[in-house]
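Student: Next comes the structure file run-v3.cif, holding mmCIF, C-alpha atoms.
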```
data_protein
#
loop_
_atom_site.label_atom_id
_atom_site.label_comp_id
_atom_site.auth_asym_id
_atom_site.auth_seq_id
_atom_site.Cartn_x
_atom_site.Cartn_y
_atom_site.Cartn_z
CA MET R 1 42.25 56.67 6.89
CA ASN R 2 43.80 55.94 10.29
CA THR R 3 41.95 52.63 10.49
CA THR R 4 43.17 51.68 7.03
CA MET R 5 46.79 52.50 7.83
CA ARG R 6 46.55 50.54 11.07
CA LYS R 7 45.40 47.45 9.14
CA GLU R 8 48.34 47.89 6.77
CA THR R 9 50.79 47.92 9.68
CA ILE R 10 49.28 44.84 11.31
CA SER R 11 49.42 42.87 8.07
CA ASN R 12 53.07 43.73 7.48
CA SER R 13 55.16 40.59 7.01
CA ASN R 14 58.01 42.03 9.06
CA LEU R 15 55.72 42.39 12.05
CA LEU R 16 54.51 38.81 11.66
CA PHE R 17 58.12 37.61 11.49
CA ALA R 18 58.93 39.57 14.66
CA ILE R 19 55.95 37.99 16.44
CA ALA R 20 57.04 34.49 15.40
CA ALA R 21 60.62 35.19 16.54
CA ALA R 22 59.37 36.54 19.88
CA ILE R 23 57.22 33.43 20.43
CA PHE R 24 60.21 31.19 19.71
CA VAL R 25 62.41 33.12 22.15
CA LEU R 26 59.75 33.03 24.88
CA MET R 27 59.14 29.31 24.43
CA TYR R 28 62.86 28.53 24.51
CA ALA R 29 63.32 30.72 27.58
CA PHE R 30 60.50 28.83 29.30
CA ALA R 31 62.16 25.52 28.34
CA ILE R 32 65.45 26.75 29.82
CA LEU R 33 63.72 27.64 33.09
CA ARG R 34 61.87 24.32 33.16
CA TYR R 35 64.72 22.05 31.98
CA PRO R 36 67.96 24.01 32.45
CA GLY R 37 70.16 20.92 32.26
CA SER R 38 69.07 20.16 28.69
CA PHE R 39 68.16 23.40 26.96
CA LEU R 40 71.26 25.28 28.12
CA GLN R 41 73.40 22.94 26.05
CA TYR R 42 74.56 24.01 22.59
CA GLN R 43 73.72 20.59 21.19
CA THR R 44 70.06 20.86 22.20
CA PHE R 45 69.67 24.22 20.47
CA PHE R 46 71.22 23.06 17.20
CA ASP R 47 69.27 19.78 17.36
CA LEU R 48 66.12 21.86 16.91
CA PHE R 49 67.35 22.65 13.42
CA SER R 50 68.99 19.29 12.71
CA LEU R 51 65.94 17.22 13.64
CA ASN R 52 63.41 19.58 12.05
CA ALA R 53 65.35 20.44 8.87
CA PRO R 54 62.93 18.55 6.56
CA LEU R 55 59.94 20.31 8.14
CA ILE R 56 61.64 23.71 7.81
CA ILE R 57 62.41 23.12 4.13
CA ILE R 58 58.82 22.07 3.39
CA THR R 59 57.49 25.07 5.30
CA LEU R 60 59.61 27.47 3.24
CA GLY R 61 58.01 26.32 -0.01
CA LEU R 62 54.54 26.43 1.52
CA SER R 63 55.20 29.93 2.87
CA ILE R 64 55.64 31.32 -0.65
CA VAL R 65 52.30 29.79 -1.66
CA MET R 66 50.48 31.18 1.40
CA ILE R 67 52.04 34.64 1.07
CA GLY R 68 50.67 34.73 -2.46
CA GLY R 69 47.18 33.99 -1.13
CA GLY R 70 47.07 30.27 -1.98
CA ILE R 71 47.12 27.04 -0.02
CA ASP R 72 48.63 23.58 -0.52
CA ILE R 73 47.56 20.78 1.78
CA SER R 74 49.25 18.05 -0.27
CA VAL R 75 52.84 18.78 0.74
CA GLY R 76 52.95 16.17 3.50
CA ALA R 77 51.54 13.39 1.35
CA VAL R 78 53.77 14.29 -1.61
CA THR R 79 56.80 14.30 0.69
CA GLY R 80 55.89 10.85 1.95
CA LEU R 81 55.44 9.59 -1.62
CA VAL R 82 58.79 11.02 -2.71
CA THR R 83 60.54 9.51 0.31
CA MET R 84 59.06 6.07 -0.24
CA CYS R 85 59.81 6.12 -3.97
CA CYS R 86 63.43 7.00 -3.29
CA ALA R 87 63.70 4.28 -0.64
CA VAL R 88 62.23 1.62 -2.94
CA PHE R 89 64.44 2.84 -5.78
CA LEU R 90 67.58 2.59 -3.65
CA GLU R 91 66.69 -0.85 -2.30
CA SER R 92 65.88 -2.14 -5.79
CA GLY R 93 69.58 -2.54 -6.53
CA THR R 94 70.28 0.74 -8.30
CA ARG R 95 72.09 2.18 -5.24
CA SER R 96 72.58 5.58 -6.88
CA ILE R 97 72.03 8.60 -4.64
CA GLY R 98 72.09 10.98 -7.59
CA SER R 99 69.46 9.03 -9.51
CA SER R 100 67.19 8.91 -6.48
CA MET R 101 67.49 12.69 -6.10
CA LEU R 102 66.50 13.15 -9.74
CA LEU R 103 63.55 10.84 -9.15
CA ALA R 104 62.47 12.93 -6.16
CA LEU R 105 62.69 16.15 -8.18
CA GLY R 106 60.73 14.57 -11.01
CA ILE R 107 57.86 13.47 -8.76
CA GLY R 108 57.72 16.83 -7.02
CA LEU R 109 57.75 18.73 -10.31
CA ALA R 110 55.03 16.48 -11.74
CA PHE R 111 52.69 17.16 -8.83
CA GLY R 112 53.54 20.86 -8.79
CA LEU R 113 53.03 21.38 -12.52
CA LEU R 114 49.80 19.37 -12.65
CA GLN R 115 48.24 21.09 -9.66
CA GLY R 116 49.53 24.50 -10.75
CA PHE R 117 48.02 24.04 -14.23
CA LEU R 118 44.62 23.07 -12.82
CA ILE R 119 44.64 26.03 -10.43
CA ALA R 120 46.05 28.72 -12.74
CA TYR R 121 44.48 27.85 -16.10
CA LEU R 122 41.27 26.03 -15.15
CA GLU R 123 40.72 28.35 -12.16
CA ILE R 124 39.81 25.56 -9.73
CA GLN R 125 40.12 26.37 -6.05
CA PRO R 126 43.59 25.47 -4.66
CA PHE R 127 42.06 23.76 -1.63
CA ILE R 128 40.10 21.33 -3.83
CA ILE R 129 43.04 20.56 -6.13
CA THR R 130 45.58 20.05 -3.36
CA LEU R 131 43.09 17.96 -1.39
CA ALA R 132 42.78 15.68 -4.42
CA GLY R 133 46.57 15.71 -4.74
CA MET R 134 46.90 14.64 -1.12
CA PHE R 135 44.58 11.66 -1.64
CA LEU R 136 46.38 10.76 -4.87
CA ALA R 137 49.80 10.86 -3.22
CA ASN R 138 48.58 8.79 -0.26
CA GLY R 139 47.06 6.22 -2.61
CA LEU R 140 50.23 5.94 -4.67
CA LEU R 141 52.29 5.67 -1.49
CA THR R 142 50.20 2.72 -0.26
CA THR R 143 50.36 1.08 -3.68
CA ILE R 144 54.14 1.34 -3.99
CA HIS R 145 54.99 0.08 -0.50
CA LYS R 146 52.59 0.04 2.43
CA ASP R 147 55.07 -1.06 5.14
CA PRO R 148 57.99 0.93 6.64
CA LEU R 149 61.20 0.48 4.69
CA ASN R 150 64.72 0.81 6.06
CA VAL R 151 67.31 1.82 3.46
CA THR R 152 70.55 -0.14 3.92
CA VAL R 153 72.54 1.18 0.97
CA PRO R 154 76.03 2.02 2.33
CA ASP R 155 76.29 5.36 0.50
CA PHE R 156 72.92 6.45 1.85
CA VAL R 157 73.78 5.34 5.38
CA ARG R 158 77.02 7.33 5.30
CA LEU R 159 75.17 10.38 4.01
CA ARG R 160 72.48 9.98 6.67
CA ASP R 161 75.01 9.69 9.48
CA LEU R 162 77.23 12.51 8.22
CA GLU R 163 77.81 15.23 10.81
CA ILE R 164 79.65 18.54 10.89
CA VAL R 165 81.70 18.48 14.10
CA ILE R 166 82.73 21.72 15.79
CA PRO R 167 85.43 20.61 18.27
CA TRP R 168 85.76 23.91 20.15
CA LEU R 169 82.04 24.12 20.95
CA GLY R 170 80.21 21.51 22.93
CA THR R 171 79.11 20.33 26.36
CA THR R 172 80.45 18.24 29.20
CA ASN R 173 78.43 15.16 30.15
CA ARG R 174 77.82 13.79 33.63
CA LEU R 175 81.03 11.76 33.50
CA GLY R 176 83.08 14.89 32.88
CA ASN R 177 83.83 14.07 29.24
CA PHE R 178 83.71 16.89 26.71
CA ILE R 179 81.42 16.12 23.75
CA PRO R 180 81.95 18.38 20.71
CA LEU R 181 79.00 19.93 18.93
CA ALA R 182 77.68 17.93 15.95
CA ILE R 183 75.40 19.49 13.32
CA LYS R 184 73.61 17.63 10.55
CA PRO R 185 74.11 18.94 7.00
CA GLY R 186 70.34 19.26 6.73
CA ALA R 187 70.39 22.03 9.32
CA VAL R 188 72.91 23.98 7.24
CA VAL R 189 70.77 23.50 4.14
CA ALA R 190 67.63 24.64 5.99
CA VAL R 191 69.26 27.80 7.36
CA THR R 192 70.76 28.59 3.94
CA LEU R 193 67.34 28.26 2.31
CA VAL R 194 65.79 30.52 4.94
CA VAL R 195 68.33 33.24 4.19
CA LEU R 196 67.84 32.73 0.45
CA LEU R 197 64.06 32.99 0.78
CA VAL R 198 64.33 36.21 2.80
CA VAL R 199 66.59 37.72 0.14
CA LEU R 200 64.28 36.65 -2.69
CA MET R 201 61.16 37.92 -0.95
CA HIS R 202 62.64 41.33 -0.15
CA TRP R 203 65.04 42.14 -2.99
CA SER R 204 63.61 40.47 -6.06
CA ARG R 205 60.47 40.48 -8.20
CA LEU R 206 58.99 37.81 -5.92
CA ASP R 207 58.40 40.63 -3.43
CA ALA R 208 55.41 41.66 -5.53
CA ILE R 209 53.38 38.61 -4.48
CA SER R 210 53.46 39.72 -0.85
CA MET R 211 52.14 43.22 -1.56
CA PRO R 212 48.52 42.82 -2.75
CA SER R 213 46.99 44.22 0.42
CA GLU R 214 49.21 47.29 0.39
CA ALA R 215 48.34 47.98 -3.25
CA ILE R 216 44.64 47.76 -2.43
CA ILE R 217 45.08 50.13 0.51
CA ARG R 218 46.89 52.70 -1.62
CA ALA R 219 44.20 52.48 -4.29
CA ARG R 220 41.48 53.06 -1.71
CA LEU R 221 43.36 56.01 -0.25
CA CYS R 222 43.73 57.59 -3.69
CA SER R 223 40.04 57.09 -4.47
CA ALA R 224 39.07 58.52 -1.09
CA SER R 225 41.21 61.61 -1.58
CA THR R 226 39.69 62.29 -4.99
#
```
If you took the structure in this file and wrote it as structure tokens, what would it be?
Tutor:
Amino acid sequence: MNTTMRKETISNSNLLFAIAAAIFVLMYAFAILRYPGSFLQYQTFFDLFSLNAPLIIITLGLSIVMIGGGIDISVGAVTGLVTMCCAVFLESGTRSIGSSMLLALGIGLAFGLLQGFLIAYLEIQPFIITLAGMFLANGLLTTIHKDPLNVTVPDFVRLRDLEIVIPWLGTTNRLGNFIPLAIKPGAVVAVTLVVLLVVLMHWSRLDAISMPSEAIIRARLCSAST
């Protein structure tokens, strides 16, 4: 019984989150000791979220799948396909940011529904289905546009270069000029989604998908006691 309870504690998601947070703090502390002139600046810290906002958002969706015991290795390829489709769509003369966002949602939903149907109803292994989805997305990406594409639509450029400036927080450069802190909207979106995911996973019915191991442990304890 003690061994079983110890396994339950180790597999607790809160403990895993604490370990990940501790690793991040230790790595950032090491970076401060190694490069104090860069990592002690506010801008450098917030750039970690601004530059990695797309990766954080993708990871959040994949985390729900992995917590539920599944896997999806097609997310990178699907993201590349969605990005290229939106770029080609914008450069085709439509120049509508809203329409390109709807196109991105449509492609993502199509891949998600198709792969989810094959996994849930035909009971094919998620690794096999998402591997095929990855090759399909890569093939479609090469077919649509195989070379890098720079979007020059003015509305998109303004949205890409948009920054949230905090004038009272910043750093002083080598010339003695004060540079205010600038945060990309993507960082705000990523942090908001992280908070939303934590709330959903702890205080909603989605919490049930993260509890299969604990349910099995309780069932074994009850059978052992009887």
Student: Using only C-alpha atoms, which protein or nucleic acid residues come within 10 Å of Arg160 (chain R)? Drop anything in the same chain fewer than 6 positions from it, and give the result as a count of residues only.
Tutor: 4
Student: For CA of Glu163 (chain R) and CA of Phe45 (chain R), determine how far apart the two atoms are, in Å to one decimal place.
Tutor: 15.5 Å
Student: List the spatial neighbours of region 97-104 of chain R as an NGL selection string - criterion: any atom at most 12 Å away, all atoms listed in the file, same-chain residues fewer than 2 positions off excluded.
Tutor: :R and (78-95 or 106-111 or 151 or 153-160)
Student: Just how far from CA of Leu55 (chain R) is CA of Ala132 (chain R), in Å to one decimal?
Tutor: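 Going from CA of Ala132 (chain R) over to CA of Leu55 (chain R), I get 21.8 Å.
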Student: I'd like the interatomic distance between CA of Gln125 (chain R) and CA of Ile71 (chain R), to a tenth of an Å.
Tutor: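 About the pair CA of Gln125 (chain R) and CA of Ile71 (chain R): they are 9.3 Å apart.
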Student: I want to know what sits within 12 Å of Ile57 (chain R), based on all atoms listed in the file, with residues of the same chain fewer than 6 positions away left out; could you give that as a PDB file with C-alpha atoms, in the coordinates of the input?
Tutor:
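Output file result09.pdb is given in full below:
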```pdb
ATOM      1  CA  PHE R  49      67.350  22.650  13.420  1.00  0.00           C
ATOM      2  CA  SER R  50      68.990  19.290  12.710  1.00  0.00           C
ATOM      3  CA  LEU R  51      65.940  17.220  13.640  1.00  0.00           C
ATOM      4  CA  SER R  63      55.200  29.930   2.870  1.00  0.00           C
ATOM      5  CA  ILE R  64      55.640  31.320  -0.650  1.00  0.00           C
ATOM      6  CA  VAL R  75      52.840  18.780   0.740  1.00  0.00           C
ATOM      7  CA  GLY R  76      52.950  16.170   3.500  1.00  0.00           C
ATOM      8  CA  THR R  79      56.800  14.300   0.690  1.00  0.00           C
ATOM      9  CA  GLY R 186      70.340  19.260   6.730  1.00  0.00           C
ATOM     10  CA  ALA R 187      70.390  22.030   9.320  1.00  0.00           C
ATOM     11  CA  VAL R 188      72.910  23.980   7.240  1.00  0.00           C
ATOM     12  CA  VAL R 189      70.770  23.500   4.140  1.00  0.00           C
ATOM     13  CA  ALA R 190      67.630  24.640   5.990  1.00  0.00           C
ATOM     14  CA  VAL R 191      69.260  27.800   7.360  1.00  0.00           C
ATOM     15  CA  THR R 192      70.760  28.590   3.940  1.00  0.00           C
ATOM     16  CA  LEU R 193      67.340  28.260   2.310  1.00  0.00           C
ATOM     17  CA  VAL R 194      65.790  30.520   4.940  1.00  0.00           C
ATOM     18  CA  VAL R 195      68.330  33.240   4.190  1.00  0.00           C
ATOM     19  CA  LEU R 196      67.840  32.730   0.450  1.00  0.00           C
ATOM     20  CA  LEU R 197      64.060  32.990   0.780  1.00  0.00           C
TER      21      LEU R 197
END
```
